[in-house]
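Novice: Dropping the structure in here first, questions after.
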Amino acid sequence: MKLRASLANQARLLEGRRQSRVRLEEEREQKVLQLKELQSTRSDLEENLNRHREKLNQESSRLESILELQRNFEGYQSGVRSLLLKRQAQGATANGIYGLVEDIIETDPQYEAVVESVLGERLQHFIVQDHQESLKAIDYLKSQRSGRSSFIPLHVKPHPALSGSVLPAEGVIPLLEVVKVKEDFALLAQHLFGDVWVVPDLRHAIDLWNRNSIWKTLVTLEGEVLHPSGMVTAEAKSRSDPEPSTASVKSVT
């Protein structure tokens with residue numbers, strides 16, 4: 001009887017160990033599967049990380065190139081660049097030059113093309129304290145043979161209104177309502193934009209000009225300009241067009 005009991009007990013122990021072994025094998029298989037999944041996930045993450053590192057390196061290199069261009073003012077007219085480098089070396093307030101027109105204007109992205117089209121090269125005009133500062137800057141350019149530039153006195157006289165015509169409110173916005181400048185430059189903004197109105201499209205602008213003989217500058221959101229004389233200025237950009245010049249309008253953030 002004792003022998004039978006011992007054999008039965010051993011059999012139970014053996015069966016228990018067998019079941020434990022089966023469980024351990026199942027757990028091992030699960031762990032192996034989990035390990036494979038983790039390895040696959042790790043591989044995907046490393047690949048993704050490498051892509052992001054490569055993109056970051058590319059963007060960092062691009063940013064450094066842009067910053068280098070900005071430090072050297074590449075893309076500006078030679079005379080403008082010469083004065084900007086001089087101003088940078090002396091400090092922003094070392095003379096009576098307050099900066100470029102592009103520095104003082106901010107607008108929403110949807111109106112950037114409008115402002116840039118209206119101002120054109122005037123974005124690279126310098127704002128100076130008075131005509132004496134213009135003379136000093138011009139003397140410097142002459143001495144360095146560094147090209148030409150243009151200067152606008154801070155307290156410029158605004159243009160008199162060319163016409164008493166009042167534009168209909170529908171679809172027409174005074175450009176002064178969508179640009180932002182510091183209070184010190186409000187008079188200058190009036191000089192630059194006081195007679196400029198934003199219209200939805202060129203057909204709308206031409207219709208207004210023909211209907212009312214409006215003596216104002218009408219500009220569309222795409223940057224097409226209808227001048228008071230009736231002359232139209234427009235640019236059809238394509239993918240093959242060169243990069244725009246450095247001059248640009250700041251976006252309001």
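To be explicit about the labels: the chains of the structure tokens are called A, B, and onward in the order shown, and within each one the residues are counted from 1, while ligands get numbers from 1 in the order they are shown.
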Taking the DSSP assignment computed from this structure's backbone, write out as a list in words all residues of region 135-234 of chain A that belong to strand (DSSP E or B).
Specialist: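 Those in region 135-234 of chain A that DSSP calls strand (DSSP E or B) are Phe151, Ile152, Pro153, Ile173, Pro174, Val179, Lys180, Val196, Trp197, Val198, Val199, Thr217, Leu218, Val219, Thr220, Val225, Leu226, Val232 and Thr233 of chain A.
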Novice: CA of Gly99 (chain A) to CA of Ala113 (chain A): how many Å, to one decimal?
Specialist: 21.0 Å
Novice: What does the distance from CA of Asp139 (chain A) to CA of Leu84 (chain A) come to in Å, to one decimal?
Specialist: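 Taking CA of Asp139 (chain A) and CA of Leu84 (chain A), their separation equals 14.9 Å.
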Novice: Figure out the distance between CA of Val178 (chain A) and CA of Leu192 (chain A), please, to one decimal in Å.
Specialist: 13.2 Å
Novice: Pick out the residues sitting within 9 Å of region 186-188 of chain A, and hand them over as a list in words; count only C-alpha atoms, and ignore anything fewer than 3 positions along from it in its own chain.
Specialist: Ile152, Pro153, Leu154, His155, Val156, Lys157, Pro158, Lys180, Val181, Lys182, Glu183, His191, Leu192 and Phe193 of chain A
Novice: Take the residues just selected and output them with N, CA and C atoms as a PDB file, in the first residue's frame.
Specialist:
ATOM      1  N   ILE A 152      13.819 107.540 -47.386  1.00  0.00           N
ATOM      2  CA  ILE A 152      12.548 108.207 -47.100  1.00  0.00           C
ATOM      3  C   ILE A 152      12.648 108.855 -45.724  1.00  0.00           C
ATOM      4  N   PRO A 153      12.494 110.166 -45.616  1.00  0.00           N
ATOM      5  CA  PRO A 153      12.506 110.805 -44.299  1.00  0.00           C
ATOM      6  C   PRO A 153      11.358 110.284 -43.437  1.00  0.00           C
ATOM      7  N   LEU A 154      11.628 110.150 -42.166  1.00  0.00           N
ATOM      8  CA  LEU A 154      10.601 109.632 -41.256  1.00  0.00           C
ATOM      9  C   LEU A 154       9.347 110.497 -41.294  1.00  0.00           C
ATOM     10  N   HIS A 155       9.528 111.804 -41.364  1.00  0.00           N
ATOM     11  CA  HIS A 155       8.377 112.714 -41.366  1.00  0.00           C
ATOM     12  C   HIS A 155       8.085 113.179 -42.785  1.00  0.00           C
ATOM     13  N   VAL A 156       7.923 112.210 -43.674  1.00  0.00           N
ATOM     14  CA  VAL A 156       7.644 112.510 -45.074  1.00  0.00           C
ATOM     15  C   VAL A 156       6.286 113.181 -45.199  1.00  0.00           C
ATOM     16  N   LYS A 157       6.171 114.026 -46.202  1.00  0.00           N
ATOM     17  CA  LYS A 157       4.880 114.677 -46.437  1.00  0.00           C
ATOM     18  C   LYS A 157       3.940 113.713 -47.157  1.00  0.00           C
ATOM     19  N   PRO A 158       2.752 113.475 -46.622  1.00  0.00           N
ATOM     20  CA  PRO A 158       1.818 112.571 -47.299  1.00  0.00           C
ATOM     21  C   PRO A 158       1.324 113.153 -48.606  1.00  0.00           C
ATOM     22  N   LYS A 180       0.066  96.727 -40.220  1.00  0.00           N
ATOM     23  CA  LYS A 180       0.381  97.224 -38.883  1.00  0.00           C
ATOM     24  C   LYS A 180       1.765  97.842 -38.891  1.00  0.00           C
ATOM     25  N   VAL A 181       1.859  99.041 -38.312  1.00  0.00           N
ATOM     26  CA  VAL A 181       3.155  99.707 -38.140  1.00  0.00           C
ATOM     27  C   VAL A 181       3.172 100.325 -36.750  1.00  0.00           C
ATOM     28  N   LYS A 182       4.372 100.565 -36.238  1.00  0.00           N
ATOM     29  CA  LYS A 182       4.479 101.250 -34.962  1.00  0.00           C
ATOM     30  C   LYS A 182       3.997 102.690 -35.120  1.00  0.00           C
ATOM     31  N   GLU A 183       3.570 103.254 -34.008  1.00  0.00           N
ATOM     32  CA  GLU A 183       2.983 104.595 -34.040  1.00  0.00           C
ATOM     33  C   GLU A 183       3.925 105.620 -34.654  1.00  0.00           C
ATOM     34  N   HIS A 191       1.661 107.700 -46.127  1.00  0.00           N
ATOM     35  CA  HIS A 191       2.310 108.091 -47.391  1.00  0.00           C
ATOM     36  C   HIS A 191       2.376 106.907 -48.358  1.00  0.00           C
ATOM     37  N   LEU A 192       2.681 105.708 -47.826  1.00  0.00           N
ATOM     38  CA  LEU A 192       2.870 104.540 -48.674  1.00  0.00           C
ATOM     39  C   LEU A 192       1.551 103.925 -49.133  1.00  0.00           C
ATOM     40  N   PHE A 193       0.548 103.934 -48.255  1.00  0.00           N
ATOM     41  CA  PHE A 193      -0.669 103.167 -48.526  1.00  0.00           C
ATOM     42  C   PHE A 193      -1.959 103.982 -48.521  1.00  0.00           C
TER      43      PHE A 193
END
